[in-house]
$ cat start_7.csv   # CSV, C-alpha atoms
chain,number,residue,atom,x,y,z
Q,1313,MET,CA,95.3,69.9,117.6
Q,1314,SER,CA,93.5,72.9,116.1
Q,1315,GLY,CA,95.8,73.9,113.2
Q,1316,LEU,CA,96.7,77.1,115.2
Q,1317,THR,CA,100.4,77.9,114.6
Q,1318,HIS,CA,101.1,79.0,118.2
Q,1319,ILE,CA,99.6,75.9,119.9
Q,1320,ALA,CA,101.7,72.7,120.1
Q,1321,GLU,CA,100.2,69.3,119.7
Q,1322,ASN,CA,100.1,68.9,123.5
Q,1323,GLY,CA,98.0,72.2,123.7
Q,1324,ALA,CA,100.8,74.3,125.1
Q,1325,ALA,CA,101.5,77.7,123.6
Q,1326,HIS,CA,104.8,78.0,121.8
Q,1327,MET,CA,106.8,80.3,119.5
Q,1328,VAL,CA,106.6,79.2,115.9
Q,1329,ASP,CA,110.0,78.0,114.4
Q,1330,VAL,CA,110.6,80.2,111.3
Q,1331,GLY,CA,114.1,78.9,110.8
Q,1332,GLY,CA,113.3,77.0,107.6
Q,1333,LYS,CA,111.2,79.7,106.0
Q,1334,ALA,CA,112.4,81.8,103.1
Q,1335,GLU,CA,113.1,85.5,103.5
Q,1336,THR,CA,110.7,87.6,101.5
Q,1337,HIS,CA,109.8,91.3,101.5
Q,1338,ARG,CA,106.9,91.7,103.9
Q,1339,VAL,CA,104.6,94.7,104.4
Q,1340,ALA,CA,101.6,95.2,106.7
Q,1341,ILE,CA,99.2,98.1,106.9
Q,1342,ALA,CA,96.9,98.6,109.9
Q,1343,SER,CA,94.5,101.4,110.9
Q,1344,GLY,CA,92.4,102.6,113.8
Q,1345,LEU,CA,90.3,105.5,114.9
Q,1346,ILE,CA,89.9,107.8,117.8
Q,1347,THR,CA,86.6,109.7,118.1
Q,1348,MET,CA,86.6,112.9,120.1
Q,1349,SER,CA,84.9,116.2,120.8
Q,1350,LYS,CA,85.2,119.1,118.3
Q,1351,ASP,CA,87.2,121.0,120.9
Q,1352,ALA,CA,89.8,118.3,121.3
Q,1353,LEU,CA,90.0,117.8,117.5
Q,1354,GLU,CA,90.4,121.5,117.0
Q,1355,ALA,CA,93.1,121.8,119.6
Q,1356,ILE,CA,95.0,118.9,118.0
Q,1357,ARG,CA,94.6,120.4,114.6
Q,1358,GLN,CA,95.8,123.9,115.7
Q,1359,GLY,CA,98.7,122.4,117.9
Q,1360,ASP,CA,97.1,124.0,121.0
Q,1361,ALA,CA,96.7,120.8,123.1
Q,1362,PRO,CA,98.0,121.3,126.7
Q,1363,LYS,CA,100.7,118.7,126.4
Q,1364,GLY,CA,102.1,120.0,123.0
Q,1365,ASP,CA,102.4,118.4,119.6
Q,1366,VAL,CA,99.9,115.5,119.8
Q,1367,LEU,CA,100.4,114.0,116.4
Q,1368,GLY,CA,104.2,114.3,116.3
Q,1369,THR,CA,104.4,112.6,119.7
Q,1370,ALA,CA,101.9,109.9,118.6
Q,1371,ARG,CA,103.9,109.3,115.5
Q,1372,VAL,CA,107.1,108.7,117.4
Q,1373,ALA,CA,105.3,106.6,120.0
Q,1374,GLY,CA,103.8,104.4,117.3
Q,1375,ILE,CA,107.2,103.8,115.6
Q,1376,MET,CA,108.9,103.1,118.9
Q,1377,ALA,CA,106.1,100.6,119.9
Q,1378,ALA,CA,106.4,98.8,116.5
Q,1379,LYS,CA,110.0,98.2,117.2
Q,1380,ARG,CA,109.2,96.7,120.7
Q,1381,THR,CA,106.3,94.4,119.6
Q,1382,GLY,CA,108.3,91.2,120.3
Q,1383,ASP,CA,108.7,92.5,123.9
Q,1384,LEU,CA,105.0,93.2,124.3
Q,1385,ILE,CA,103.2,90.3,122.6
Q,1386,PRO,CA,104.5,87.0,124.2
Q,1387,LEU,CA,104.8,84.8,121.1
Q,1388,CYS,CA,105.9,87.4,118.5
Q,1389,HIS,CA,109.4,87.2,117.1
Q,1390,PRO,CA,111.7,90.2,117.8
Q,1391,LEU,CA,112.1,91.7,114.3
Q,1392,GLY,CA,114.6,94.0,112.7
Q,1393,LEU,CA,112.1,96.3,111.0
Q,1394,GLU,CA,113.4,98.1,107.9
Q,1395,ALA,CA,110.7,100.8,107.9
Q,1396,VAL,CA,107.7,102.0,110.0
Q,1397,ALA,CA,105.4,104.9,109.0
Q,1398,VAL,CA,102.6,106.3,111.1
Q,1399,ASP,CA,100.2,108.7,109.3
Q,1400,PHE,CA,97.1,110.6,110.4
Q,1401,ALA,CA,93.9,111.7,108.7
Q,1402,LEU,CA,91.7,114.2,110.5
Q,1403,GLU,CA,88.1,113.4,109.9
Q,1404,PRO,CA,85.1,115.5,111.0
Q,1405,THR,CA,84.9,114.0,114.5
Q,1406,SER,CA,87.9,111.7,114.7
Q,1407,ILE,CA,91.5,111.0,113.8
Q,1408,ARG,CA,92.3,107.9,111.7
Q,1409,VAL,CA,95.8,106.4,112.3
Q,1410,THR,CA,97.4,104.3,109.7
Q,1411,ALA,CA,100.7,102.5,110.2
Q,1412,THR,CA,102.8,100.6,107.7
Q,1413,ALA,CA,105.6,98.3,108.7
Q,1414,SER,CA,108.0,96.4,106.5
Q,1415,LEU,CA,111.1,94.2,106.4
Q,1416,THR,CA,112.7,91.4,104.4
Q,1417,GLY,CA,112.5,88.4,106.7
Q,1418,LYS,CA,111.0,85.1,107.6
Q,1419,THR,CA,107.8,86.2,109.4
Q,1420,GLY,CA,105.2,88.9,108.9
Q,1421,VAL,CA,104.9,92.3,110.4
Q,1422,GLU,CA,101.1,92.5,111.0
Q,1423,MET,CA,101.4,92.7,114.7
Q,1424,GLU,CA,104.0,95.5,114.4
Q,1425,ALA,CA,101.7,97.6,112.3
Q,1426,MET,CA,98.7,97.0,114.7
Q,1427,VAL,CA,100.9,97.8,117.8
Q,1428,ALA,CA,102.0,101.0,116.1
Q,1429,VAL,CA,98.4,102.0,115.5
Q,1430,SER,CA,97.2,101.1,119.0
Q,1431,THR,CA,100.1,103.0,120.7
Q,1432,ALA,CA,99.6,106.0,118.5
Q,1433,LEU,CA,95.9,106.1,119.4
Q,1434,LEU,CA,96.6,105.7,123.1
Q,1435,THR,CA,99.2,108.5,122.9
Q,1436,ILE,CA,96.6,110.8,121.3
Q,1437,TYR,CA,94.2,110.0,124.1
Q,1438,ASP,CA,96.9,110.6,126.8
Q,1439,MET,CA,97.9,114.0,125.3
Q,1440,ALA,CA,94.3,115.2,124.8
Q,1441,LYS,CA,92.5,113.8,127.8
Q,1442,ALA,CA,92.6,117.1,129.6
Q,1443,ILE,CA,90.2,118.4,126.9
Q,1444,ASP,CA,88.1,115.2,126.4
Q,1445,LYS,CA,88.2,112.2,128.7
Q,1446,ALA,CA,85.3,110.6,126.7
Q,1447,MET,CA,87.3,109.9,123.6
Q,1448,VAL,CA,86.7,106.4,122.1
Q,1449,ILE,CA,89.4,104.3,120.5
Q,1450,GLY,CA,88.3,101.6,118.0
Q,1451,GLU,CA,88.4,99.9,114.7
Q,1452,VAL,CA,92.0,98.7,115.1
Q,1453,ARG,CA,92.5,96.2,112.3
Q,1454,LEU,CA,94.8,94.9,109.6
Q,1455,ILE,CA,94.1,96.5,106.3
Q,1456,GLU,CA,96.6,94.7,104.1
Q,1457,LYS,CA,99.6,92.4,104.2
Q,1458,ARG,CA,102.0,91.4,101.5
Q,1459,GLY,CA,104.7,88.8,101.3
Q,1460,GLY,CA,105.3,85.4,102.7
Q,1461,LYS,CA,103.9,82.1,101.7
Q,1462,SER,CA,100.3,83.4,101.7
Q,1463,GLY,CA,101.1,86.4,99.4
Q,1464,THR,CA,98.9,89.4,99.5
Q,1465,TRP,CA,95.7,89.9,101.6
Q,1466,LYS,CA,93.5,92.9,101.7
Q,1467,ALA,CA,90.5,93.7,103.9
Q,1468,GLN,CA,87.3,93.7,102.0
Q,1469,GLY,CA,84.9,96.7,102.2
Q,1470,ASP,CA,87.3,98.9,104.2
Q,1471,SER,CA,86.5,102.5,104.6
Q,1472,ALA,CA,90.0,103.4,105.6
Q,1473,ASN,CA,91.5,102.2,102.4
$ encode --input "start_7.csv" --output "C-alpha cells"
Amino acid sequence: MSGLTHIAENGAAHMVDVGGKAETHRVAIASGLITMSKDALEAIRQGDAPKGDVLGTARVAGIMAAKRTGDLIPLCHPLGLEAVAVDFALEPTSIRVTATASLTGKTGVEMEAMVAVSTALLTIYDMAKAIDKAMVIGEVRLIEKRGGKSGTWKAQGDSAN
C-alpha cells in the first residue's frame, strides 16, 4: 500500500512480524524540553518544590514508562530493555531531559526513549505546577539510533547533542 510497516496490504493496522530479524545491539537517544518560570526552575534546582525531589521522581517515572511502552503504544512490541538512563540539564529558563534506551534484540528502542522523555517531562510539570502552571513542554524528538538493519542515524543540526 504505502510502504508503511504498520499498515497491511488491505490498509489495516498490524503489528510488524520481527520473528525473522537478526538480534543486534540497539540504542536510542531522545530529548525534550520543559520551559518554566525562574521561580519554578530555582525551586527544582534547590530541591524546594512542594512535592519533593522533582528530578529524582521524574527520572524514575521516565524509566518506568520506557519499560511499559508496549502497553502504551498500540503496535509497539513489548521489549526486555537492558538499560534506560534519564538525565537532566538545567538551562537558563528550562530543563532538557535526555533518555537513552538499549537492548540486544530484533526491534529498535526509539519509542521507549521518547516515552521515557515524555513521561519525565510530564512528571516535572506535575511536581512543579503549584509554582508555575504555564510551563511548556516541547521539542520531544529522537536524537540518535544505533543498530538494526538501517544502522546508525543521527539528527542533523541538533542543539541538544
$ closest_atom_pairs --input "start_7.csv" --of "range 1359-1411 of chain Q" --to "range 1449-1466 of chain Q" --cutoff "12 Å" --atoms "only C-alpha atoms" --output "Markdown table"
| residue | atom | partner | partner_atom | distance |
| --- | --- | --- | --- | --- |
| Q:Ser1406 | CA | Q:Ile1449 | CA | 9.5 |
| Q:Ile1407 | CA | Q:Ile1449 | CA | 9.7 |
| Q:Arg1408 | CA | Q:Glu1451 | CA | 9.4 |
| Q:Val1409 | CA | Q:Val1452 | CA | 9.0 |
| Q:Thr1410 | CA | Q:Ile1455 | CA | 9.1 |
| Q:Ala1411 | CA | Q:Leu1454 | CA | 9.6 |
$ atom_distance --input "start_7.csv" --atom1 "CA of Glu1403 in chain Q" --atom2 "CA of Ala1377 in chain Q"
24.2 Å
$ residues_around --input "start_7.csv" --residues "Leu1367 in chain Q" --least-positions-apart "6" --cutoff "12 Å" --atoms "only C-alpha atoms" --output "list of chain:residue names"
Q:Leu1353, Q:Ala1355, Q:Ile1356, Q:Arg1357, Q:Gln1358, Q:Gly1359, Q:Asp1360, Q:Ala1361, Q:Ala1373, Q:Gly1374, Q:Val1398, Q:Asp1399, Q:Phe1400, Q:Ala1401, Q:Leu1402, Q:Ile1407, Q:Arg1408, Q:Val1409, Q:Thr1431, Q:Ala1432, Q:Leu1433, Q:Leu1434, Q:Thr1435, Q:Ile1436, Q:Tyr1437, Q:Asp1438, Q:Met1439, Q:Ala1440
$ atom_distance --input "start_7.csv" --atom1 "CA of Ser1414 in chain Q" --atom2 "CA of Met1376 in chain Q"
14.1 Å
$ closest_residue --input "start_7.csv" --among "Q:Val1396, Q:Ala1442, Q:Cys1388, Q:Leu1415" --to "Pro1362 in chain Q" --atoms "all atoms listed in the file"
Q:Ala1442
$ atom_distance --input "start_7.csv" --atom1 "CA of Thr1369 in chain Q" --atom2 "CA of Lys1441 in chain Q"
14.4 Å
